[in-house]
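Listing of protein_31.tsv; format and content: TSV, C-alpha atoms and all ligand atoms.
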```tsv
chain	number	residue	atom	x	y	z
A	1	PRO	CA	148.44	118.05	119.13
A	2	PRO	CA	146.80	116.34	122.11
A	3	THR	CA	145.16	113.04	121.32
A	4	LEU	CA	144.05	109.86	123.09
A	5	SER	CA	146.09	106.69	122.65
A	6	GLY	CA	147.15	103.43	124.29
A	7	ASP	CA	145.44	102.28	127.49
A	8	PHE	CA	143.61	105.55	127.83
A	9	ALA	CA	141.99	105.11	124.43
A	10	THR	CA	141.03	101.53	125.38
A	11	LEU	CA	139.43	102.74	128.62
A	12	MET	CA	137.52	105.35	126.65
A	13	GLY	CA	136.28	102.66	124.30
A	14	TRP	CA	134.90	100.72	127.28
A	15	ALA	CA	133.24	103.87	128.60
A	16	ASP	CA	131.62	104.49	125.23
A	17	GLY	CA	130.29	100.93	125.28
A	18	VAL	CA	128.22	101.59	128.40
A	19	ARG	CA	127.23	105.23	128.32
A	20	ARG	CA	123.82	106.37	127.14
A	21	LEU	CA	124.41	110.13	127.09
A	22	GLY	CA	125.92	111.60	123.96
A	23	VAL	CA	128.99	113.80	124.46
A	24	ARG	CA	129.47	116.84	122.28
A	25	ALA	CA	131.83	119.80	122.59
A	26	ASN	CA	131.49	123.55	122.80
A	27	ALA	CA	133.62	124.74	119.91
A	28	GLU	CA	133.75	127.86	117.79
A	29	THR	CA	137.17	127.83	116.11
A	30	PRO	CA	138.70	125.24	113.76
A	31	GLU	CA	141.29	124.44	116.47
A	32	ASP	CA	138.55	123.79	119.06
A	33	ALA	CA	136.67	121.60	116.60
A	34	GLN	CA	139.78	119.58	115.78
A	35	THR	CA	140.58	119.10	119.48
A	36	ALA	CA	136.97	118.11	120.10
A	37	ARG	CA	137.14	115.41	117.43
A	38	ARG	CA	140.48	114.07	118.65
A	39	PHE	CA	138.98	113.72	122.12
A	40	GLY	CA	135.98	111.84	120.76
A	41	ALA	CA	133.24	114.49	120.73
A	42	GLU	CA	130.22	113.32	118.78
A	43	GLY	CA	129.36	116.76	117.46
A	44	ILE	CA	129.34	120.42	118.44
A	45	GLY	CA	126.64	121.16	121.00
A	46	LEU	CA	127.37	124.86	121.17
A	47	CYS	CA	129.17	127.04	118.66
A	48	ARG	CA	129.14	130.50	120.20
A	49	THR	CA	129.33	133.16	117.50
A	50	GLU	CA	130.11	136.25	119.60
A	51	HIS	CA	133.88	136.13	119.21
A	52	MET	CA	133.59	135.81	115.45
A	53	PHE	CA	132.57	139.45	115.29
A	54	PHE	CA	135.59	140.95	117.00
A	55	GLY	CA	138.26	140.48	114.31
A	56	PRO	CA	139.82	143.80	113.23
A	57	ASP	CA	138.30	143.43	109.75
A	58	ARG	CA	134.81	142.71	111.17
A	59	ILE	CA	134.14	144.77	114.28
A	60	GLY	CA	133.90	148.08	112.38
A	61	HIS	CA	130.95	146.75	110.34
A	62	VAL	CA	129.20	145.56	113.50
A	63	ARG	CA	129.64	148.95	115.20
A	64	GLN	CA	128.28	150.73	112.15
A	65	MET	CA	125.28	148.44	112.11
A	66	ILE	CA	124.51	148.92	115.78
A	67	MET	CA	124.89	152.69	115.59
A	68	ALA	CA	122.99	153.21	112.31
A	69	ASP	CA	119.41	154.38	112.72
A	70	ASP	CA	118.05	153.27	109.34
A	71	ALA	CA	117.44	149.75	108.08
A	72	GLN	CA	119.22	150.28	104.77
A	73	THR	CA	122.52	151.29	106.35
A	74	ARG	CA	122.25	148.42	108.80
A	75	ALA	CA	121.65	145.90	106.04
A	76	ARG	CA	124.62	147.23	104.06
A	77	ALA	CA	126.93	147.12	107.09
A	78	ILE	CA	125.99	143.58	108.05
A	79	GLU	CA	126.11	142.27	104.48
A	80	ALA	CA	129.85	142.87	104.56
A	81	LEU	CA	130.10	140.15	107.20
A	82	LEU	CA	128.32	137.44	105.20
A	83	PRO	CA	131.45	136.07	103.46
A	84	PHE	CA	133.31	135.97	106.80
A	85	GLN	CA	130.55	134.06	108.54
A	86	ARG	CA	130.03	131.73	105.59
A	87	SER	CA	133.68	130.70	105.74
A	88	ASP	CA	133.58	130.38	109.58
A	89	PHE	CA	130.76	127.84	109.27
A	90	THR	CA	132.09	126.07	106.17
A	91	GLU	CA	135.28	125.34	108.06
A	92	LEU	CA	133.42	123.93	111.07
A	93	PHE	CA	131.10	121.76	108.95
A	94	ARG	CA	134.11	120.47	107.01
A	95	ILE	CA	136.00	119.47	110.18
A	96	MET	CA	132.94	117.91	111.80
A	97	ALA	CA	132.34	115.80	108.67
A	98	GLY	CA	128.62	115.19	109.02
A	99	LEU	CA	128.48	115.09	112.85
A	100	PRO	CA	125.80	117.40	114.29
A	101	VAL	CA	126.78	121.06	114.66
A	102	THR	CA	124.63	123.41	116.75
A	103	ILE	CA	125.30	127.03	115.90
A	104	ARG	CA	123.96	129.61	118.29
A	105	LEU	CA	122.90	132.92	116.82
A	106	LEU	CA	124.64	135.98	118.23
A	107	ASP	CA	124.34	136.50	121.99
A	108	PRO	CA	126.54	139.34	123.23
A	109	PRO	CA	125.59	141.98	125.72
A	110	LEU	CA	125.11	144.94	123.37
A	111	HIS	CA	127.62	147.16	125.16
A	112	GLU	CA	130.50	144.98	123.90
A	113	PHE	CA	129.70	146.20	120.40
A	114	LEU	CA	129.27	149.89	121.15
A	115	PRO	CA	132.17	152.12	120.10
A	116	HIS	CA	134.14	152.81	123.29
A	117	GLY	CA	136.73	155.57	123.07
A	118	GLU	CA	136.66	158.79	121.05
A	119	ALA	CA	138.69	157.29	118.20
A	120	GLU	CA	136.20	154.45	117.72
A	121	LEU	CA	133.31	156.86	117.84
A	122	ALA	CA	134.97	159.10	115.24
A	123	ASP	CA	135.59	156.09	112.95
A	124	VAL	CA	131.92	155.07	113.05
A	125	ALA	CA	130.79	158.67	112.52
A	126	LYS	CA	133.00	158.96	109.44
A	127	ALA	CA	131.80	155.64	107.99
A	128	LEU	CA	128.14	156.57	108.53
A	129	GLY	CA	128.53	160.22	107.45
A	130	LYS	CA	127.16	161.40	110.82
A	131	ASP	CA	128.39	163.95	113.32
A	132	VAL	CA	130.12	162.66	116.42
A	133	GLU	CA	127.68	164.40	118.79
A	134	SER	CA	124.62	162.61	117.39
A	135	LEU	CA	126.41	159.27	117.71
A	136	ARG	CA	127.43	160.08	121.27
A	137	ALA	CA	123.75	160.58	122.10
A	138	ARG	CA	122.82	157.29	120.40
A	139	ARG	CA	125.56	155.47	122.29
A	140	SER	CA	124.29	156.71	125.62
A	141	ALA	CA	120.71	155.78	124.67
A	142	LEU	CA	121.91	152.23	123.98
A	143	SER	CA	124.03	151.93	127.15
A	144	GLU	CA	122.64	149.80	129.99
A	145	SER	CA	123.40	149.45	133.71
A	146	ASN	CA	122.90	145.67	133.69
A	147	PRO	CA	123.86	144.50	130.20
A	148	MET	CA	123.68	140.80	131.13
A	149	LEU	CA	120.01	141.31	132.00
A	150	GLY	CA	119.32	143.54	129.07
A	151	HIS	CA	119.66	143.88	125.34
A	152	ARG	CA	121.24	140.52	124.51
A	153	GLY	CA	120.43	137.15	122.97
A	154	CYS	CA	117.22	136.96	120.94
A	155	ARG	CA	116.29	140.45	122.15
A	156	LEU	CA	119.15	141.81	120.07
A	157	GLY	CA	118.16	139.54	117.18
A	158	ILE	CA	114.62	140.91	117.35
A	159	THR	CA	115.56	144.59	117.44
A	160	TYR	CA	118.29	144.10	114.81
A	161	PRO	CA	116.80	141.38	112.57
A	162	GLU	CA	119.56	141.93	110.00
A	163	ILE	CA	122.11	140.16	112.22
A	164	TYR	CA	120.26	136.85	112.48
A	165	ALA	CA	119.19	137.02	108.84
A	166	MET	CA	122.85	137.32	107.80
A	167	GLN	CA	123.91	134.49	110.14
A	168	VAL	CA	121.15	132.14	109.01
A	169	ARG	CA	121.99	132.81	105.37
A	170	ALA	CA	125.67	132.10	106.10
A	171	ILE	CA	124.82	128.84	107.92
A	172	THR	CA	122.49	127.66	105.15
A	173	GLU	CA	124.92	128.51	102.34
A	174	ALA	CA	127.82	126.88	104.21
A	175	ALA	CA	125.81	123.69	104.84
A	176	LEU	CA	124.86	123.49	101.14
A	177	ASP	CA	128.44	124.17	100.01
A	178	ILE	CA	129.88	121.43	102.23
A	179	ALA	CA	127.16	118.96	101.24
A	180	LYS	CA	128.09	119.60	97.61
A	181	GLU	CA	131.82	119.34	98.31
A	182	THR	CA	131.60	116.08	100.26
A	183	GLY	CA	128.52	114.47	98.75
A	184	LYS	CA	127.23	113.97	102.33
A	185	ALA	CA	124.21	115.77	103.77
A	186	VAL	CA	124.84	118.46	106.40
A	187	GLU	CA	121.90	119.16	108.70
A	188	PRO	CA	122.59	122.40	110.57
A	189	GLU	CA	121.08	123.02	113.98
A	190	ILE	CA	120.33	126.69	114.56
A	191	MET	CA	119.97	127.70	118.19
A	192	ILE	CA	118.27	130.82	119.52
A	193	PRO	CA	119.64	132.28	122.78
A	194	LEU	CA	117.90	133.75	125.82
A	195	ILE	CA	114.34	132.83	124.86
A	196	GLY	CA	111.82	133.60	127.61
A	197	THR	CA	108.52	133.26	125.77
A	198	LYS	CA	107.06	131.15	122.96
A	199	ALA	CA	106.14	134.38	121.18
A	200	GLU	CA	109.82	135.36	120.93
A	201	LEU	CA	110.76	131.96	119.54
A	202	ASP	CA	107.88	132.02	117.05
A	203	LEU	CA	108.96	135.42	115.76
A	204	VAL	CA	112.63	134.49	115.39
A	205	ARG	CA	111.85	131.03	113.99
A	206	LYS	CA	109.60	132.51	111.34
A	207	SER	CA	112.26	134.93	110.13
A	208	CYS	CA	114.95	132.19	110.14
A	209	GLU	CA	112.68	129.97	108.07
A	210	GLY	CA	112.05	132.82	105.65
A	211	VAL	CA	115.78	133.28	105.07
A	212	ILE	CA	116.37	129.54	104.66
A	213	ALA	CA	113.51	129.33	102.15
A	214	ASP	CA	115.03	132.24	100.18
A	215	VAL	CA	118.44	130.57	99.96
A	216	LEU	CA	116.92	127.21	98.97
A	217	SER	CA	114.79	128.74	96.26
A	218	GLU	CA	117.74	130.76	94.89
A	219	ARG	CA	119.74	127.54	94.62
A	220	GLY	CA	116.84	125.25	93.72
A	221	VAL	CA	117.77	122.65	96.37
A	222	LYS	CA	116.42	121.17	99.62
A	223	LEU	CA	118.00	121.07	103.07
A	224	ALA	CA	117.03	119.37	106.33
A	225	TYR	CA	117.67	121.60	109.34
A	226	LYS	CA	116.66	122.02	112.96
A	227	ILE	CA	115.77	125.18	114.86
A	228	GLY	CA	115.91	125.01	118.62
A	229	THR	CA	116.42	127.12	121.67
A	230	MET	CA	118.52	127.55	124.74
A	231	ILE	CA	116.62	127.09	127.98
A	232	GLU	CA	118.53	129.52	130.19
A	233	LEU	CA	115.90	131.68	131.84
A	234	PRO	CA	113.59	130.40	134.60
A	235	ARG	CA	110.61	131.55	132.56
A	236	ALA	CA	111.67	129.32	129.68
A	237	ALA	CA	111.85	126.28	131.99
A	238	LEU	CA	108.48	127.14	133.52
A	239	THR	CA	106.83	127.41	130.09
A	240	ALA	CA	108.84	124.68	128.37
A	241	ASP	CA	105.65	122.93	127.21
A	242	GLN	CA	104.69	126.00	125.16
A	243	ILE	CA	108.21	126.66	123.94
A	244	ALA	CA	108.64	123.02	122.86
A	245	GLN	CA	105.82	123.46	120.36
A	246	SER	CA	108.11	125.78	118.37
A	247	ALA	CA	111.45	124.04	119.00
A	248	ASP	CA	113.12	120.98	117.47
A	249	PHE	CA	115.54	120.82	120.39
A	250	PHE	CA	116.37	122.39	123.75
A	251	SER	CA	119.83	122.99	125.12
A	252	PHE	CA	119.97	123.99	128.76
A	253	GLY	CA	122.20	127.02	129.32
A	254	THR	CA	123.00	126.33	132.92
A	255	ASN	CA	125.44	129.24	133.22
A	256	ASP	CA	122.73	131.84	132.67
A	257	LEU	CA	120.10	129.66	134.33
A	258	THR	CA	122.24	129.62	137.49
A	259	GLN	CA	122.80	133.36	137.29
A	260	THR	CA	119.11	134.13	136.84
A	261	ALA	CA	117.67	131.50	139.19
A	262	LEU	CA	119.97	132.37	142.08
A	263	GLY	CA	120.33	136.08	141.34
A	264	LEU	CA	124.09	135.55	141.41
A	265	SER	CA	126.35	137.22	138.86
A	266	ARG	CA	128.23	134.61	136.85
A	267	ASP	CA	131.01	137.12	136.25
A	268	ASP	CA	131.83	138.15	139.81
A	269	ALA	CA	130.26	135.75	142.26
A	270	GLY	CA	133.75	134.69	143.38
A	271	SER	CA	134.27	137.09	146.25
A	272	PHE	CA	131.88	135.70	148.85
A	273	LEU	CA	130.84	132.39	147.32
A	274	PRO	CA	133.61	130.16	148.80
A	275	GLU	CA	132.74	131.37	152.31
A	276	TYR	CA	129.08	130.75	151.61
A	277	VAL	CA	129.70	127.19	150.47
A	278	GLU	CA	132.01	126.54	153.43
A	279	LYS	CA	129.29	127.68	155.85
A	280	GLY	CA	126.80	125.34	154.19
A	281	LEU	CA	124.61	128.18	152.94
A	282	LEU	CA	124.72	126.72	149.43
A	283	PRO	CA	125.25	123.01	148.66
A	284	GLN	CA	128.34	123.71	146.48
A	285	ASP	CA	129.55	126.29	144.00
A	286	PRO	CA	126.42	126.36	141.84
A	287	PHE	CA	128.38	127.46	138.77
A	288	VAL	CA	130.51	124.29	138.98
A	289	SER	CA	128.07	121.53	139.97
A	290	ILE	CA	124.37	121.59	139.34
A	291	ASP	CA	122.33	122.71	142.34
A	292	ARG	CA	119.78	119.87	142.27
A	293	GLU	CA	117.11	121.64	144.29
A	294	GLY	CA	117.50	124.94	142.44
A	295	VAL	CA	118.65	124.99	138.84
A	296	GLY	CA	118.37	121.19	138.75
A	297	ALA	CA	114.67	121.42	139.53
A	298	LEU	CA	114.25	123.90	136.68
A	299	VAL	CA	116.11	121.57	134.30
A	300	ARG	CA	113.94	118.64	135.39
A	301	MET	CA	110.82	120.72	134.87
A	302	GLY	CA	112.02	121.84	131.44
A	303	VAL	CA	112.68	118.22	130.44
A	304	GLU	CA	109.33	116.94	131.68
A	305	LYS	CA	107.26	119.76	130.20
A	306	GLY	CA	109.21	119.75	126.95
A	307	ARG	CA	108.90	115.98	126.43
A	308	ALA	CA	105.22	115.96	127.43
A	309	ALA	CA	104.53	118.51	124.70
A	310	LYS	CA	106.84	116.92	122.12
A	311	PRO	CA	108.02	113.34	122.82
A	312	ASP	CA	110.84	113.41	120.23
A	313	LEU	CA	112.28	116.75	121.40
A	314	LYS	CA	116.11	116.49	121.50
A	315	LEU	CA	117.50	117.59	124.86
A	316	GLY	CA	121.04	118.67	125.67
A	317	ILE	CA	122.99	120.88	128.02
A	318	CYS	CA	125.79	123.22	127.00
A	319	GLY	CA	126.55	125.25	130.15
A	320	GLU	CA	129.83	124.61	132.02
A	321	HIS	CA	128.06	121.89	134.04
A	322	GLY	CA	128.12	119.72	130.90
A	323	GLY	CA	131.73	118.75	131.73
A	324	ASP	CA	131.28	118.26	135.49
A	325	PRO	CA	130.94	114.60	136.61
A	326	LEU	CA	128.49	115.30	139.48
A	327	SER	CA	126.26	117.28	137.14
A	328	ILE	CA	126.56	114.64	134.41
A	329	ALA	CA	125.15	112.08	136.88
A	330	PHE	CA	122.18	114.39	137.31
A	331	PHE	CA	121.72	114.85	133.54
A	332	GLU	CA	121.66	111.05	133.15
A	333	GLU	CA	118.97	110.83	135.84
A	334	VAL	CA	116.72	113.40	134.19
A	335	GLY	CA	117.15	111.73	130.82
A	336	LEU	CA	118.92	114.30	128.64
A	337	ASP	CA	120.15	113.04	125.26
A	338	TYR	CA	123.60	114.63	125.39
A	339	VAL	CA	125.96	116.91	127.26
A	340	SER	CA	128.23	119.44	125.58
A	341	CYS	CA	131.39	120.74	127.23
A	342	SER	CA	134.70	122.38	126.43
A	343	PRO	CA	136.86	120.15	124.20
A	344	PHE	CA	139.40	119.33	126.91
A	345	ARG	CA	136.66	118.05	129.22
A	346	VAL	CA	135.26	115.61	126.62
A	347	PRO	CA	137.24	112.56	127.89
A	348	VAL	CA	136.13	113.18	131.49
A	349	ALA	CA	132.55	113.63	130.29
A	350	ARG	CA	132.70	110.30	128.42
A	351	LEU	CA	133.90	108.54	131.59
A	352	ALA	CA	131.38	110.31	133.83
A	353	ALA	CA	128.56	109.48	131.42
A	354	ALA	CA	129.57	105.80	131.57
A	355	GLN	CA	129.68	105.84	135.39
A	356	ALA	CA	126.27	107.51	135.46
A	357	ALA	CA	124.83	104.86	133.13
A	358	LEU	CA	126.23	102.06	135.31
A	359	ALA	CA	124.81	103.70	138.45
A	360	ALA	CA	121.41	103.96	136.75
A	361	ARG	CA	121.53	100.25	135.80
A	362	ASN	CA	122.52	99.25	139.35
A	363	ASN	CA	119.69	101.32	140.81
A	364	LYS	CA	117.22	99.60	138.53
A	365	ALA	CA	118.61	96.18	139.47
A	366	VAL	CA	118.38	96.98	143.20
A	367	LYS	CA	114.79	98.15	142.81
A	368	ALA	CA	113.89	95.01	140.84
A	401	LIG	C1	124.82	129.26	129.27
A	401	LIG	O1	124.28	130.33	129.59
A	401	LIG	O2	124.87	128.26	130.02
A	401	LIG	C2	125.46	129.13	127.95
A	401	LIG	C3	125.93	127.97	127.53
A	401	LIG	O3	125.59	130.25	127.20
A	401	LIG	P1	126.73	131.35	127.50
A	401	LIG	O4	127.68	130.76	128.50
A	401	LIG	O5	127.38	131.62	126.20
A	401	LIG	O6	125.92	132.49	128.01
A	402	MG	MG	123.87	131.81	128.10
```
In C-alpha cells, write the structure found in this file.
Amino acid sequence: PPTLSGDFATLMGWADGVRRLGVRANAETPEDAQTARRFGAEGIGLCRTEHMFFGPDRIGHVRQMIMADDAQTRARAIEALLPFQRSDFTELFRIMAGLPVTIRLLDPPLHEFLPHGEAELADVAKALGKDVESLRARRSALSESNPMLGHRGCRLGITYPEIYAMQVRAITEAALDIAKETGKAVEPEIMIPLIGTKAELDLVRKSCEGVIADVLSERGVKLAYKIGTMIELPRAALTADQIAQSADFFSFGTNDLTQTALGLSRDDAGSFLPEYVEKGLLPQDPFVSIDREGVGALVRMGVEKGRAAKPDLKLGICGEHGGDPLSIAFFEEVGLDYVSCSPFRVPVARLAAAQAALAARNNKAVKA
C-alpha cells in the first residue's frame, strides 16, 4: 500500500512543523481511511454516506422506504439498515483511533434512490404489498427535473426523518462501542448537508439530539459529540451568523457553493468552461481553484459572520478545493482551522498549508 518514507517523509515533517491549517481527508470506506492515515491525515473531514446505501443487500430497503407512504412501513424498512450503518461507522472509528471523524448525514439527489426499470418497480411493489400502477404514480410524483436543486440533503432528512434518525443512532452506538473496545473516548461529529436556513438546522439538530439522548439513556452512559453543518448554499453564507448559533462547526462545501453561486452545473460544466477561462471570462476553472471574488467572498463572509456569532466555531472546508494549493493559500488567509481533501491529495495539502503559513508570516514581517 502507498505510504510516505525516506526524504519525502522528512520533508513532510518539516511542513508539519510550520503549517497552521489542519489537514483531514474525505474518506468513506476503510480503504480510504487507511490511505488517509498513511498519508498523514489528522482526521476525516467528510465521510459521505450516500454510497453506503447502494450495496445489493441495502438498496432494496432504501427503495421501499422512499416509496412507502406510511411512517410505519418506512421505519421498518430503514431499521433493516441500522446494523449495516453501525458496522460502517465502527470500522471508521476503529481505523481513525480517536482522531476526529465528521460523518455527513445522507445527501443524495432523491432520484438516485427511486426504482428505475420495471423489474425494480415490481420488486418494491411486491415487498410493500402494493400494485405496480400505484407505485408508478408515486415514482412520477417524486421525480424532479433538477434533482441537484431539489429534494436532497437536509430536505430529504426533513421529509423522511427516519433516515437521519437511523444514521444518528448508528453513529452514536458505533462511537460508544469503539470507546468501550479501546478505552478511549470517541467524539463523533455529525454534519448536516445543504442547510439554507437556521430553522432547518434547528429542526434537524433537535431530532438528532433526541435520538442521541435515547441511545444514551438506554445504555446509561454519556457521550461528547458535535453537530455542525455544511455551508454550501449562498443563503447559508449570507446568514452564517444565525446558522452559527445552532452549529458547533461549519464545513464549506465549495463544490455545491460554486455550482449555486455561479449557476454552473458541477456535473457538466466541462463543455464550454475551458474556452471561457482561456478568453479570460472567468479567472480560472472555478471548480478547481477557489474564485476569490465569487465563492471566495462567500466563504470569507461565512467565516466572519460565523466567528462573530460564535468565536470558538470550528471552521473547515471539504469541497474539492481543499486539496488545491492555490485555494489552500486562500483558506489560510481567511483563517479556516482545517482543510479536508481526498486521501491522495493529503501530502500536497500538507505542503501547501506550510507554504501558505510561511507566506502569511512573511507578509506580517513585511508589514511590520
Ligand atoms: C461540496 O458540495 O463541496 C461537498 C463537499 O459535498 P458533495 O461534493 O458531496 O456535494
Ligand atoms: Mg455538497
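Shell of Leu262 (chain A) at 10 Å, with only C-alpha atoms counted and residues fewer than 6 places along the chain excluded, is Asp256, Pro286, Asp291, Gly294 and Val295 of chain A.
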### Query
Counting all atoms listed in the file, what is within 9 Å of Leu106 (chain A), bar same-chain residues fewer than 5 positions away, as a list in words?
Arg48, Thr49, Glu50, Arg152, Gly153, Cys154, Leu156, Gly157, Ile163, Tyr164, Gln167, Ile192 and Pro193 of chain A
What does the list of residues within 6 Å of ligand LIG 401 (chain A) look like if you count all atoms listed in the file, written as a short mmCIF file (atom, residue, chain, number, x, y, z; two decimals) with C-alpha atoms, in the coordinates of the input?
```
data_model
loop_
_atom_site.label_atom_id
_atom_site.label_comp_id
_atom_site.auth_asym_id
_atom_site.auth_seq_id
_atom_site.Cartn_x
_atom_site.Cartn_y
_atom_site.Cartn_z
CA GLU A 232 118.53 129.52 130.19
CA GLY A 253 122.20 127.02 129.32
CA THR A 254 123.00 126.33 132.92
CA ASN A 255 125.44 129.24 133.22
CA ASP A 256 122.73 131.84 132.67
CA CYS A 318 125.79 123.22 127.00
CA GLY A 319 126.55 125.25 130.15
#
```
### Query
From the list A:Thr172, A:Arg300, A:His151, A:Pro115, which residue is nearest Arg136 (chain A) when using all atoms listed in the file?
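Closest candidate: A:Pro115.
Summary of the local environment: counting only C-alpha atoms, residues at most 8 Å from Gly306 (chain A), other than itself and those fewer than 6 positions away along its chain, are A:Ala240, A:Asp241, A:Gln242, A:Ile243, A:Ala244, A:Leu313.
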### Query
Can you tell me, as a list in words, what residues are no more than 8 Å from region 61-66 of chain A when counting only C-alpha atoms, ignoring any on the same chain fewer than 6 positions away?
Phe53, Thr73, Arg74, Ala75, Ala77, Ile78, Ala80, Leu81, Phe113, Leu114, Pro115, Val124, Ala127, Leu128 and Tyr160 of chain A
### Task
Point out the residue among A:Gln245, A:Gln259, A:Ser340, A:Thr10 with the least atom-to-atom distance to Gly316 (chain A), counting all atoms listed in the file.
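Under the stated criterion, the closest residue is A:Ser340.
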## Note on the structure
Min atom-atom distance to Val299 (chain A) from the set A:Ser265, A:Phe287, A:Leu238, A:Ala352, counting only C-alpha atoms, belongs to A:Leu238
### Message
Nearest residue to ligand MG 402 (chain A) out of A:Ala125, A:Ile212, A:Val168, A:Met230, using all atoms listed in the file?
### Response
A:Met230
